[in-house]
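Pasted below: query-v2.pdb, PDB, C-alpha atoms and all ligand atoms.
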```
ATOM      1  CA  MET P   1     -25.879 -11.228 -10.005
ATOM      2  CA  ASN P   2     -27.017  -8.523  -7.641
ATOM      3  CA  ASN P   3     -26.101  -4.874  -7.327
ATOM      4  CA  LYS P   4     -25.102  -4.967  -3.688
ATOM      5  CA  PRO P   5     -21.681  -3.590  -2.763
ATOM      6  CA  THR P   6     -19.104  -6.087  -1.498
ATOM      7  CA  ILE P   7     -17.142  -6.364   1.730
ATOM      8  CA  ILE P   8     -13.755  -8.008   1.179
ATOM      9  CA  TYR P   9     -12.630  -9.358   4.556
ATOM     10  CA  ILE P  10      -9.012 -10.449   5.009
ATOM     11  CA  MET P  11      -8.758 -13.337   7.495
ATOM     12  CA  SER P  12      -5.271 -14.214   8.741
ATOM     13  CA  ASP P  13      -3.005 -14.465  11.743
ATOM     14  CA  ASN P  14      -0.839 -11.508  12.784
ATOM     15  CA  ARG P  15       2.384 -10.988  10.830
ATOM     16  CA  SER P  16       0.963 -12.690   7.740
ATOM     17  CA  GLY P  17       0.816  -9.887   5.177
ATOM     18  CA  SER P  18      -2.712  -8.589   5.765
ATOM     19  CA  THR P  19      -1.520  -4.965   5.678
ATOM     20  CA  LEU P  20       0.311  -5.614   2.395
ATOM     21  CA  LEU P  21      -2.790  -7.153   0.829
ATOM     22  CA  GLU P  22      -5.053  -4.403   2.149
ATOM     23  CA  ASN P  23      -2.603  -1.806   0.783
ATOM     24  CA  ILE P  24      -2.495  -3.465  -2.663
ATOM     25  CA  LEU P  25      -6.298  -3.622  -2.891
ATOM     26  CA  SER P  26      -6.632   0.007  -1.780
ATOM     27  CA  LYS P  27      -4.998   1.019  -5.102
ATOM     28  CA  SER P  28      -8.053  -0.184  -7.050
ATOM     29  CA  ASP P  29     -10.432   2.598  -8.121
ATOM     30  CA  GLU P  30     -13.301   0.354  -7.005
ATOM     31  CA  CYS P  31     -12.007  -0.291  -3.461
ATOM     32  CA  PHE P  32     -11.927   1.632  -0.230
ATOM     33  CA  SER P  33      -9.848   0.104   2.544
ATOM     34  CA  VAL P  34     -10.784   0.751   6.176
ATOM     35  CA  GLY P  35      -7.841  -1.252   7.543
ATOM     36  CA  GLU P  36      -8.608  -3.137  10.750
ATOM     37  CA  LEU P  37     -12.125  -1.968  11.457
ATOM     38  CA  ALA P  38     -12.291  -4.168  14.568
ATOM     39  CA  MET P  39      -9.736  -1.818  16.146
ATOM     40  CA  LEU P  40     -11.765   1.343  15.589
ATOM     41  CA  LYS P  41     -13.180   1.548  19.110
ATOM     42  CA  GLY P  42      -9.762   0.919  20.687
ATOM     43  CA  HIS P  43      -8.349   3.714  18.537
ATOM     44  CA  LEU P  44     -11.090   6.088  19.673
ATOM     45  CA  LEU P  45     -10.564   5.220  23.341
ATOM     46  CA  LYS P  46      -6.776   5.112  22.881
ATOM     47  CA  ASN P  47      -6.351   1.700  24.366
ATOM     48  CA  GLY P  48      -5.030  -1.590  23.023
ATOM     49  CA  PRO P  49      -2.654  -1.791  20.038
ATOM     50  CA  GLY P  50      -1.921   1.542  18.347
ATOM     51  CA  GLU P  51       0.121   3.513  20.868
ATOM     52  CA  LYS P  52       3.048   3.747  18.402
ATOM     53  CA  TRP P  53       0.983   5.911  16.057
ATOM     54  CA  ASN P  54      -0.993   7.502  18.890
ATOM     55  CA  TRP P  55      -4.081   5.599  17.649
ATOM     56  CA  ASN P  56      -4.328   7.997  14.709
ATOM     57  CA  CYS P  57      -5.767   7.322  11.274
ATOM     58  CA  ALA P  58      -3.202   6.454   8.552
ATOM     59  CA  CYS P  59      -3.600  10.075   7.336
ATOM     60  CA  GLY P  60      -1.938  11.173  10.592
ATOM     61  CA  ASN P  61      -4.980  12.800  12.195
ATOM     62  CA  PRO P  62      -7.011  11.615  15.155
ATOM     63  CA  LEU P  63      -9.962   9.670  13.741
ATOM     64  CA  THR P  64     -12.471  12.208  15.060
ATOM     65  CA  ASP P  65     -10.651  14.962  13.067
ATOM     66  CA  CYS P  66      -9.967  12.871   9.967
ATOM     67  CA  VAL P  67     -11.518  14.145   6.755
ATOM     68  CA  PHE P  68     -12.972  10.706   6.027
ATOM     69  CA  TRP P  69     -13.975   9.367   9.434
ATOM     70  CA  SER P  70     -15.120  12.476  11.351
ATOM     71  CA  SER P  71     -18.600  12.726   9.811
ATOM     72  CA  ILE P  72     -19.137   8.967  10.089
ATOM     73  CA  LEU P  73     -18.141   9.005  13.752
ATOM     74  CA  LYS P  74     -20.517  11.902  14.447
ATOM     75  CA  GLN P  75     -23.396   9.739  13.284
ATOM     76  CA  THR P  76     -22.249   6.632  15.167
ATOM     77  CA  TYR P  77     -19.762   6.718  18.031
ATOM     78  CA  LEU P  78     -20.407  10.302  19.116
ATOM     79  CA  ALA P  79     -24.191   9.913  18.790
ATOM     80  CA  HIS P  80     -24.456   6.719  20.855
ATOM     81  CA  PRO P  81     -21.123   5.752  22.439
ATOM     82  CA  GLU P  82     -22.751   3.234  24.814
ATOM     83  CA  THR P  83     -23.806   0.853  22.048
ATOM     84  CA  PHE P  84     -20.785   1.417  19.808
ATOM     85  CA  ALA P  85     -18.647  -1.742  19.586
ATOM     86  CA  THR P  86     -16.363  -2.823  16.730
ATOM     87  CA  GLY P  87     -14.482  -5.920  17.910
ATOM     88  CA  LEU P  88     -16.023  -9.321  18.579
ATOM     89  CA  THR P  89     -15.483 -10.756  22.070
ATOM     90  CA  TRP P  90     -14.211 -14.321  22.086
ATOM     91  CA  ASN P  91     -11.725 -16.343  23.993
ATOM     92  CA  PHE P  92      -9.461 -18.270  21.677
ATOM     93  CA  LYS P  93      -7.373 -19.533  24.571
ATOM     94  CA  SER P  94     -10.277 -21.399  26.123
ATOM     95  CA  LYS P  95      -9.683 -25.137  26.243
ATOM     96  CA  ALA P  96     -12.774 -25.897  24.196
ATOM     97  CA  LEU P  97     -11.593 -23.687  21.378
ATOM     98  CA  ALA P  98      -8.066 -25.052  21.583
ATOM     99  CA  LEU P  99      -9.459 -28.555  21.003
ATOM    100  CA  ASN P 100     -10.763 -27.210  17.748
ATOM    101  CA  GLY P 101      -7.186 -27.616  16.532
ATOM    102  CA  MET P 102      -7.824 -31.324  16.161
ATOM    103  CA  PHE P 103     -11.591 -31.535  15.734
ATOM    104  CA  PRO P 104     -12.864 -28.462  13.918
ATOM    105  CA  PHE P 105     -16.161 -30.140  12.947
ATOM    106  CA  LEU P 106     -17.210 -30.232  16.620
ATOM    107  CA  PHE P 107     -16.986 -26.484  16.889
ATOM    108  CA  LYS P 108     -19.168 -25.136  14.136
ATOM    109  CA  LYS P 109     -22.135 -24.785  16.509
ATOM    110  CA  LYS P 110     -19.999 -23.144  19.149
ATOM    111  CA  PHE P 111     -18.761 -20.568  16.668
ATOM    112  CA  LEU P 112     -22.313 -19.714  15.636
ATOM    113  CA  LYS P 113     -23.245 -19.404  19.317
ATOM    114  CA  VAL P 114     -20.357 -16.974  19.919
ATOM    115  CA  ILE P 115     -21.437 -14.642  17.125
ATOM    116  CA  ASN P 116     -25.033 -14.695  18.407
ATOM    117  CA  GLN P 117     -24.156 -13.566  21.952
ATOM    118  CA  PRO P 118     -25.828 -10.204  22.766
ATOM    119  CA  ALA P 119     -22.518  -8.317  23.105
ATOM    120  CA  ASN P 120     -21.447  -9.613  19.718
ATOM    121  CA  GLN P 121     -24.820  -8.765  18.147
ATOM    122  CA  GLN P 122     -24.079  -5.207  19.207
ATOM    123  CA  VAL P 123     -20.795  -5.434  17.305
ATOM    124  CA  THR P 124     -22.493  -6.560  14.110
ATOM    125  CA  ASN P 125     -25.112  -3.820  14.502
ATOM    126  CA  THR P 126     -22.345  -1.224  14.775
ATOM    127  CA  LEU P 127     -20.424  -2.714  11.859
ATOM    128  CA  SER P 128     -23.566  -2.735   9.686
ATOM    129  CA  GLU P 129     -23.996   0.961  10.264
ATOM    130  CA  LEU P 130     -20.290   1.661   9.673
ATOM    131  CA  PHE P 131     -20.067  -0.333   6.442
ATOM    132  CA  ARG P 132     -23.163   1.425   5.114
ATOM    133  CA  LEU P 133     -21.754   4.880   5.929
ATOM    134  CA  VAL P 134     -18.268   4.041   4.596
ATOM    135  CA  GLN P 135     -19.804   2.820   1.346
ATOM    136  CA  GLU P 136     -21.945   5.943   1.075
ATOM    137  CA  LYS P 137     -19.110   8.342   1.823
ATOM    138  CA  SER P 138     -16.446   6.643  -0.317
ATOM    139  CA  GLY P 139     -18.821   5.833  -3.177
ATOM    140  CA  LYS P 140     -16.821   2.630  -3.744
ATOM    141  CA  ASN P 141     -18.377  -0.750  -4.427
ATOM    142  CA  PHE P 142     -15.770  -2.772  -2.557
ATOM    143  CA  ILE P 143     -14.916  -2.116   1.093
ATOM    144  CA  VAL P 144     -11.748  -3.869   2.309
ATOM    145  CA  ASP P 145     -11.603  -4.830   5.995
ATOM    146  CA  SER P 146      -8.299  -6.366   7.164
ATOM    147  CA  SER P 147      -9.413  -7.112  10.742
ATOM    148  CA  LYS P 148      -7.985 -10.671  10.386
ATOM    149  CA  ASN P 149      -9.933 -12.242  13.263
ATOM    150  CA  PRO P 150     -11.744 -15.391  11.989
ATOM    151  CA  LEU P 151     -14.803 -15.099  14.252
ATOM    152  CA  GLN P 152     -15.223 -11.470  13.235
ATOM    153  CA  ALA P 153     -15.108 -12.762   9.632
ATOM    154  CA  LEU P 154     -17.885 -15.241  10.380
ATOM    155  CA  ALA P 155     -20.028 -12.624  12.140
ATOM    156  CA  ILE P 156     -19.708 -10.250   9.178
ATOM    157  CA  TYR P 157     -20.415 -13.060   6.733
ATOM    158  CA  LYS P 158     -23.528 -14.262   8.556
ATOM    159  CA  LYS P 159     -24.952 -11.039   9.972
ATOM    160  CA  ILE P 160     -24.259  -8.042   7.747
ATOM    161  CA  THR P 161     -27.062  -7.429   5.289
ATOM    162  CA  GLY P 162     -27.020  -5.149   2.262
ATOM    163  CA  PHE P 163     -23.558  -6.355   1.198
ATOM    164  CA  ASN P 164     -22.036  -9.360  -0.479
ATOM    165  CA  VAL P 165     -19.259 -10.663   1.762
ATOM    166  CA  LYS P 166     -16.127 -12.320   0.360
ATOM    167  CA  LEU P 167     -13.311 -13.685   2.499
ATOM    168  CA  ILE P 168      -9.646 -13.828   1.593
ATOM    169  CA  TRP P 169      -7.846 -16.313   3.835
ATOM    170  CA  LEU P 170      -4.216 -15.233   3.795
ATOM    171  CA  LYS P 171      -1.848 -17.941   5.041
ATOM    172  CA  ARG P 172       1.806 -17.950   5.916
ATOM    173  CA  ASP P 173       4.251 -20.660   6.979
ATOM    174  CA  LEU P 174       3.484 -21.180  10.692
ATOM    175  CA  ARG P 175       7.190 -21.150  11.528
ATOM    176  CA  ALA P 176       7.623 -17.727   9.965
ATOM    177  CA  ILE P 177       4.658 -16.353  11.907
ATOM    178  CA  VAL P 178       6.222 -17.618  15.141
ATOM    179  CA  THR P 179       9.631 -15.995  14.614
ATOM    180  CA  SER P 180       8.002 -12.802  13.447
ATOM    181  CA  LYS P 181       5.837 -12.734  16.568
ATOM    182  CA  THR P 182       8.828 -13.580  18.759
ATOM    183  CA  LYS P 183      10.789 -10.614  17.452
ATOM    184  CA  TRP P 184       7.710  -8.531  17.871
ATOM    185  CA  LYS P 185       7.136  -9.765  21.397
ATOM    186  CA  SER P 186      10.647  -9.113  22.629
ATOM    187  CA  LEU P 187      10.337  -5.609  21.217
ATOM    188  CA  ASN P 188       7.221  -5.218  23.301
ATOM    189  CA  LYS P 189       8.856  -6.765  26.347
ATOM    190  CA  LYS P 190       6.215  -9.444  26.626
ATOM    191  CA  LYS P 191       7.162 -12.735  28.175
ATOM    192  CA  GLU P 192       8.560 -15.292  25.806
ATOM    193  CA  LYS P 193       7.243 -18.748  25.229
ATOM    194  CA  SER P 194       9.102 -21.646  23.759
ATOM    195  CA  MET P 195       9.023 -22.013  19.987
ATOM    196  CA  LEU P 196       6.972 -25.208  20.218
ATOM    197  CA  LYS P 197       4.333 -23.659  22.425
ATOM    198  CA  LEU P 198       4.092 -20.699  20.046
ATOM    199  CA  LEU P 199       3.865 -23.061  17.078
ATOM    200  CA  LEU P 200       0.885 -24.785  18.674
ATOM    201  CA  ASP P 201      -0.756 -21.405  19.317
ATOM    202  CA  VAL P 202      -0.459 -20.315  15.686
ATOM    203  CA  PHE P 203      -1.598 -23.773  14.581
ATOM    204  CA  TYR P 204      -4.764 -23.469  16.703
ATOM    205  CA  TYR P 205      -5.380 -20.052  15.241
ATOM    206  CA  ARG P 206      -5.086 -21.434  11.727
ATOM    207  CA  ARG P 207      -7.552 -24.189  12.613
ATOM    208  CA  LEU P 208     -10.007 -21.548  13.823
ATOM    209  CA  CYS P 209      -9.667 -19.955  10.379
ATOM    210  CA  TYR P 210     -10.169 -23.372   8.838
ATOM    211  CA  THR P 211     -13.397 -23.917  10.783
ATOM    212  CA  VAL P 212     -14.716 -20.570   9.585
ATOM    213  CA  SER P 213     -13.780 -21.527   6.026
ATOM    214  CA  THR P 214     -16.083 -24.564   6.321
ATOM    215  CA  LEU P 215     -18.983 -22.302   7.327
ATOM    216  CA  VAL P 216     -18.948 -20.153   4.178
ATOM    217  CA  LYS P 217     -19.874 -21.060   0.607
ATOM    218  CA  PRO P 218     -16.809 -22.114  -1.421
ATOM    219  CA  ALA P 219     -17.572 -19.351  -3.940
ATOM    220  CA  ASP P 220     -17.242 -16.753  -1.170
ATOM    221  CA  ILE P 221     -13.702 -17.529  -0.009
ATOM    222  CA  ILE P 222     -10.288 -17.654  -1.627
ATOM    223  CA  GLU P 223      -7.028 -18.790  -0.096
ATOM    224  CA  LEU P 224      -3.771 -16.967  -0.713
ATOM    225  CA  ASP P 225      -0.256 -17.478   0.530
ATOM    226  CA  TYR P 226       1.711 -14.486   1.808
ATOM    227  CA  LYS P 227       5.014 -15.600   0.306
ATOM    228  CA  THR P 228       3.440 -16.060  -3.139
ATOM    229  CA  LEU P 229       1.642 -12.738  -2.804
ATOM    230  CA  ALA P 230       4.914 -10.958  -2.014
ATOM    231  CA  THR P 231       7.060 -12.762  -4.610
ATOM    232  CA  ASP P 232       4.557 -13.137  -7.464
ATOM    233  CA  THR P 233       2.201 -10.273  -6.731
ATOM    234  CA  HIS P 234       0.975  -9.949 -10.296
ATOM    235  CA  SER P 235      -0.369 -13.493 -10.719
ATOM    236  CA  GLU P 236      -1.890 -13.559  -7.225
ATOM    237  CA  LEU P 237      -3.704 -10.338  -8.056
ATOM    238  CA  GLN P 238      -5.245 -11.914 -11.171
ATOM    239  CA  LYS P 239      -6.654 -14.660  -8.899
ATOM    240  CA  ILE P 240      -8.264 -11.999  -6.723
ATOM    241  CA  PHE P 241      -9.717 -10.158  -9.742
ATOM    242  CA  ASN P 242     -11.279 -13.374 -11.036
ATOM    243  CA  ALA P 243     -12.664 -14.496  -7.705
ATOM    244  CA  LEU P 244     -14.070 -11.151  -6.580
ATOM    245  CA  GLY P 245     -15.113  -9.616  -9.886
ATOM    246  CA  LEU P 246     -12.778  -6.645  -9.529
ATOM    247  CA  GLN P 247     -11.613  -4.791 -12.637
ATOM    248  CA  PRO P 248      -7.885  -5.475 -13.167
ATOM    249  CA  PHE P 249      -5.545  -2.662 -12.171
ATOM    250  CA  PRO P 250      -1.749  -2.378 -12.533
ATOM    251  CA  THR P 251       0.413  -4.297 -10.053
ATOM    252  CA  GLN P 252       2.336  -1.943  -7.836
ATOM    253  CA  GLN P 253       6.005  -2.491  -6.914
ATOM    254  CA  PHE P 254       5.862  -0.712  -3.582
ATOM    255  CA  MET P 255       3.830  -0.783  -0.433
ATOM    256  CA  GLU P 256       2.931   2.793   0.431
ATOM    257  CA  LEU P 257       0.162   4.879   1.894
ATOM    258  CA  VAL P 258      -1.523   7.164  -0.649
ATOM    259  CA  GLU P 259      -4.369   9.195   0.858
ATOM    260  CA  ASP P 260      -5.258   6.180   2.976
ATOM    261  CA  HIS P 261      -7.624   6.414   5.926
ATOM    262  CA  THR P 262      -6.960   3.004   7.408
ATOM    263  CA  ILE P 263      -7.099   1.874  11.020
ATOM    264  CA  GLY P 264      -4.280  -0.221  12.506
ATOM    265  CA  GLY P 265      -1.911  -2.317  10.426
ATOM    266  CA  THR P 266       1.728  -3.253  10.615
ATOM    267  CA  PRO P 267       3.859  -0.596  12.367
ATOM    268  CA  GLY P 268       6.166  -0.414   9.313
ATOM    269  CA  ARG P 269       3.419   0.825   7.006
ATOM    270  CA  PHE P 270       4.300   4.533   7.224
ATOM    271  CA  SER P 271       7.407   4.315   5.027
ATOM    272  CA  LYS P 272       7.360   3.362   1.351
ATOM    273  CA  LYS P 273       8.930  -0.069   0.796
ATOM    274  CA  PRO P 274       9.427  -2.386  -2.168
ATOM    275  CA  ILE P 275       7.153  -5.440  -2.034
ATOM    276  CA  GLN P 276       9.441  -8.344  -1.198
ATOM    277  CA  TYR P 277       9.556 -11.432   0.978
ATOM    278  CA  ASP P 278      12.087 -12.043   3.725
ATOM    279  CA  ASP P 279      13.067 -15.700   4.241
ATOM    280  CA  SER P 280      15.590 -14.986   7.001
ATOM    281  CA  TRP P 281      13.231 -16.455   9.636
ATOM    282  CA  LYS P 282      14.669 -19.873   8.731
ATOM    283  CA  GLU P 283      17.950 -18.916  10.456
ATOM    284  CA  GLN P 284      16.157 -18.794  13.770
ATOM    285  CA  TYR P 285      15.544 -22.545  13.593
ATOM    286  CA  GLN P 286      19.182 -23.549  13.135
ATOM    287  CA  ASP P 287      19.457 -24.648  16.750
ATOM    288  CA  ASN P 288      15.900 -25.813  16.973
ATOM    289  CA  LYS P 289      15.414 -28.605  14.453
ATOM    290  CA  LEU P 290      12.538 -30.196  16.390
ATOM    291  CA  ALA P 291      10.478 -27.012  16.229
ATOM    292  CA  TYR P 292      11.345 -26.614  12.535
ATOM    293  CA  LEU P 293      10.205 -30.157  11.673
ATOM    294  CA  THR P 294       7.103 -29.977  13.868
ATOM    295  CA  GLY P 295       6.127 -26.705  12.203
ATOM    296  CA  GLY P 296       6.614 -28.312   8.803
ATOM    297  CA  VAL P 297       4.196 -31.105   9.735
ATOM    298  CA  LEU P 298       1.618 -28.704  11.225
ATOM    299  CA  ASN P 299       1.765 -26.594   8.051
ATOM    300  CA  LYS P 300       0.383 -29.555   6.121
ATOM    301  CA  ILE P 301      -2.572 -30.404   8.392
TER
HETATM  302 ZN    ZN P 401      -7.778   9.734   7.964
END
```

Represent the structure from my file as structure tokens, please.
Ligand SMILES: [Zn+2]
Amino acid sequence: MNNKPTIIYIMSDNRSGSTLLENILSKSDECFSVGELAMLKGHLLKNGPGEKWNWNCACGNPLTDCVFWSSILKQTYLAHPETFATGLTWNFKSKALALNGMFPFLFKKKFLKVINQPANQQVTNTLSELFRLVQEKSGKNFIVDSSKNPLQALAIYKKITGFNVKLIWLKRDLRAIVTSKTKWKSLNKKKEKSMLKLLLDVFYYRRLCYTVSTLVKPADIIELDYKTLATDTHSELQKIFNALGLQPFPTQQFMELVEDHTIGGTPGRFSKKPIQYDDSWKEQYQDNKLAYLTGGVLNKI
């Protein structure tokens, strides 16, 4: 045992319940959730995802005016903006990384190379400083980061000192992720891809997560399923308590923001909602049996 504080990093694809999990953990007296810390710089520069909430903190204020973040940003971003970087640079679409879908063992070295690139070292330097200041300011022993990105997870796991790092790999049925992203994409007027192509994309992403999972000690990672988390929240929470050494706290029935100062997250997070799981994505495969079956096979690899 050591007395170091712990970073709990949630690794997942988009639309897989990371905001729900982050919100549940934020209710523990021992935890402080920063949300998607990787998106902090984008929120400060007002570019990238976040336009819907004007890149504000969950408390509704611009991050530089927020009661939690303003002093931390004075010591970091505002003091040295040129070296401030919060999101790892990597190209998951590159052919070499896509191959990882079938042969993850070939890519361990490549992953370690990516996190050691100078630009990415700058990211881990910034994150080190941020985690230290967040821990100091919040006084909490567990900092929850729901940035999702698997290479960011690996960089934090390998490079951040002064903290224990634990990963929660949150999975969801690949077919559900696809339909959720499709809805999301048409809302955002992005071009659509066929279901099969999207299924392969989310499969590759899951294999990237898998590769990262092979690069951490088994004691430092737990796997959860979004559907189980949303339908049997109480028993999934006990798993988390046991694995991370958190004191048990009551299971909430609702997802809601309570004095949160999180960055990013699902756009629906601002209204209080009962925790429940929506299986209606299956209807979208009624005329697309091939995609449904293919997704079922990919789920099992
Ligand atoms: Zn705030």

Report the closest atom pair, with its distance in Å rounded to one decimal, for each residue of chain P that has an atom no farther than 9 Å from ligand ZN 401 (chain P); count only C-alpha atoms and all ligand atoms, sort by chain and then rising residue number, and write it as CSV.
```
residue,atom,partner,partner_atom,distance
P:Asn56,CA,P:ZN401,ZN,7.8
P:Cys57,CA,P:ZN401,ZN,4.6
P:Ala58,CA,P:ZN401,ZN,5.7
P:Cys59,CA,P:ZN401,ZN,4.2
P:Gly60,CA,P:ZN401,ZN,6.6
P:Asn61,CA,P:ZN401,ZN,5.9
P:Pro62,CA,P:ZN401,ZN,7.5
P:Leu63,CA,P:ZN401,ZN,6.2
P:Thr64,CA,P:ZN401,ZN,8.9
P:Asp65,CA,P:ZN401,ZN,7.9
P:Cys66,CA,P:ZN401,ZN,4.3
P:Val67,CA,P:ZN401,ZN,5.9
P:Phe68,CA,P:ZN401,ZN,5.6
P:Trp69,CA,P:ZN401,ZN,6.4
P:Ser70,CA,P:ZN401,ZN,8.5
P:Glu259,CA,P:ZN401,ZN,7.9
P:Asp260,CA,P:ZN401,ZN,6.6
P:His261,CA,P:ZN401,ZN,3.9
P:Thr262,CA,P:ZN401,ZN,6.8
P:Ile263,CA,P:ZN401,ZN,8.5
```

Output file for the selection above: C-alpha atoms, as a compact mmCIF listing (two decimals), keeping the file's coordinate frame:
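Saved file again09.txt follows:
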```txt
# COMPACT_ATOMS: atom_id res chain seq x y z
CA ASN P 56 -4.33 8.00 14.71
CA CYS P 57 -5.77 7.32 11.27
CA ALA P 58 -3.20 6.45 8.55
CA CYS P 59 -3.60 10.07 7.34
CA GLY P 60 -1.94 11.17 10.59
CA ASN P 61 -4.98 12.80 12.20
CA PRO P 62 -7.01 11.62 15.16
CA LEU P 63 -9.96 9.67 13.74
CA THR P 64 -12.47 12.21 15.06
CA ASP P 65 -10.65 14.96 13.07
CA CYS P 66 -9.97 12.87 9.97
CA VAL P 67 -11.52 14.14 6.76
CA PHE P 68 -12.97 10.71 6.03
CA TRP P 69 -13.98 9.37 9.43
CA SER P 70 -15.12 12.48 11.35
CA GLU P 259 -4.37 9.20 0.86
CA ASP P 260 -5.26 6.18 2.98
CA HIS P 261 -7.62 6.41 5.93
CA THR P 262 -6.96 3.00 7.41
CA ILE P 263 -7.10 1.87 11.02
```

query: Which neighbours of Glu236 of chain P fall inside 12 Å, counting only C-alpha atoms, when residues of the same chain fewer than 5 positions from it are skipped, and could you give them as a list in words?
result: Leu21, Ile24, Leu25, Ile168, Leu170, Ile222, Glu223, Leu224, Asp225, Tyr226, Lys227, Thr228, Leu229, Ala230, Thr231, Phe241, Asn242, Ala243, Pro248 and Thr251 of chain P

- line: For Gly35 of chain P, the closest of P:Gln135, P:Asn141, P:Ser146, P:Ser18 counting all atoms listed in the file is P:Ser146

- request: Go through the shown structure with the PyMOL selection byres (((chain P and resi 280-294) around 7) and not hetatm) and write out the matching residues as a PyMOL selection string.
  value: chain P and resi 175-176+179+195-196+278-279+295-298

- request: Enter the distance from atom CA of Phe84 of chain P to atom CA of Tyr205 of chain P, in Å, rounded to one decimal.
  value: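 Computing it gives 26.8 Å between the two atoms.
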
Applied to this file, what does the PyMOL selection byres (((chain P and resi 43-45) around 9) and not hetatm) return in terms of residues, put as a PDB file with C-alpha atoms, in the coordinates of the input?
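See result32.pdb below for the written result:
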```pdb
ATOM      1  CA  MET P  39      -9.736  -1.818  16.146  1.00  0.00           C
ATOM      2  CA  LEU P  40     -11.765   1.343  15.589  1.00  0.00           C
ATOM      3  CA  LYS P  41     -13.180   1.548  19.110  1.00  0.00           C
ATOM      4  CA  GLY P  42      -9.762   0.919  20.687  1.00  0.00           C
ATOM      5  CA  LYS P  46      -6.776   5.112  22.881  1.00  0.00           C
ATOM      6  CA  ASN P  47      -6.351   1.700  24.366  1.00  0.00           C
ATOM      7  CA  GLY P  48      -5.030  -1.590  23.023  1.00  0.00           C
ATOM      8  CA  PRO P  49      -2.654  -1.791  20.038  1.00  0.00           C
ATOM      9  CA  GLY P  50      -1.921   1.542  18.347  1.00  0.00           C
ATOM     10  CA  GLU P  51       0.121   3.513  20.868  1.00  0.00           C
ATOM     11  CA  ASN P  54      -0.993   7.502  18.890  1.00  0.00           C
ATOM     12  CA  TRP P  55      -4.081   5.599  17.649  1.00  0.00           C
ATOM     13  CA  ASN P  56      -4.328   7.997  14.709  1.00  0.00           C
ATOM     14  CA  CYS P  57      -5.767   7.322  11.274  1.00  0.00           C
ATOM     15  CA  PRO P  62      -7.011  11.615  15.155  1.00  0.00           C
ATOM     16  CA  LEU P  63      -9.962   9.670  13.741  1.00  0.00           C
ATOM     17  CA  THR P  64     -12.471  12.208  15.060  1.00  0.00           C
ATOM     18  CA  TYR P  77     -19.762   6.718  18.031  1.00  0.00           C
ATOM     19  CA  ILE P 263      -7.099   1.874  11.020  1.00  0.00           C
ATOM     20  CA  GLY P 264      -4.280  -0.221  12.506  1.00  0.00           C
TER      21      GLY P 264
END
```

- request: Spell out the residues picked by the PyMOL selection byres (((chain P and resi 33) around 10) and not hetatm) here, as a ChimeraX atom specification.
  value: /P:7-8,22-28,31-32,34-37,134,138,140,142-146,260-263

field: Which of P:Lys137, P:Lys113, P:His234, P:Arg206 sits closest to Pro150 of chain P [using all atoms listed in the file]
entry: P:Arg206

query: What is the distance, in Å and to one decimal place, between atom CA of Tyr157 of chain P and atom CA of Ala219 of chain P?
result: 12.7 Å
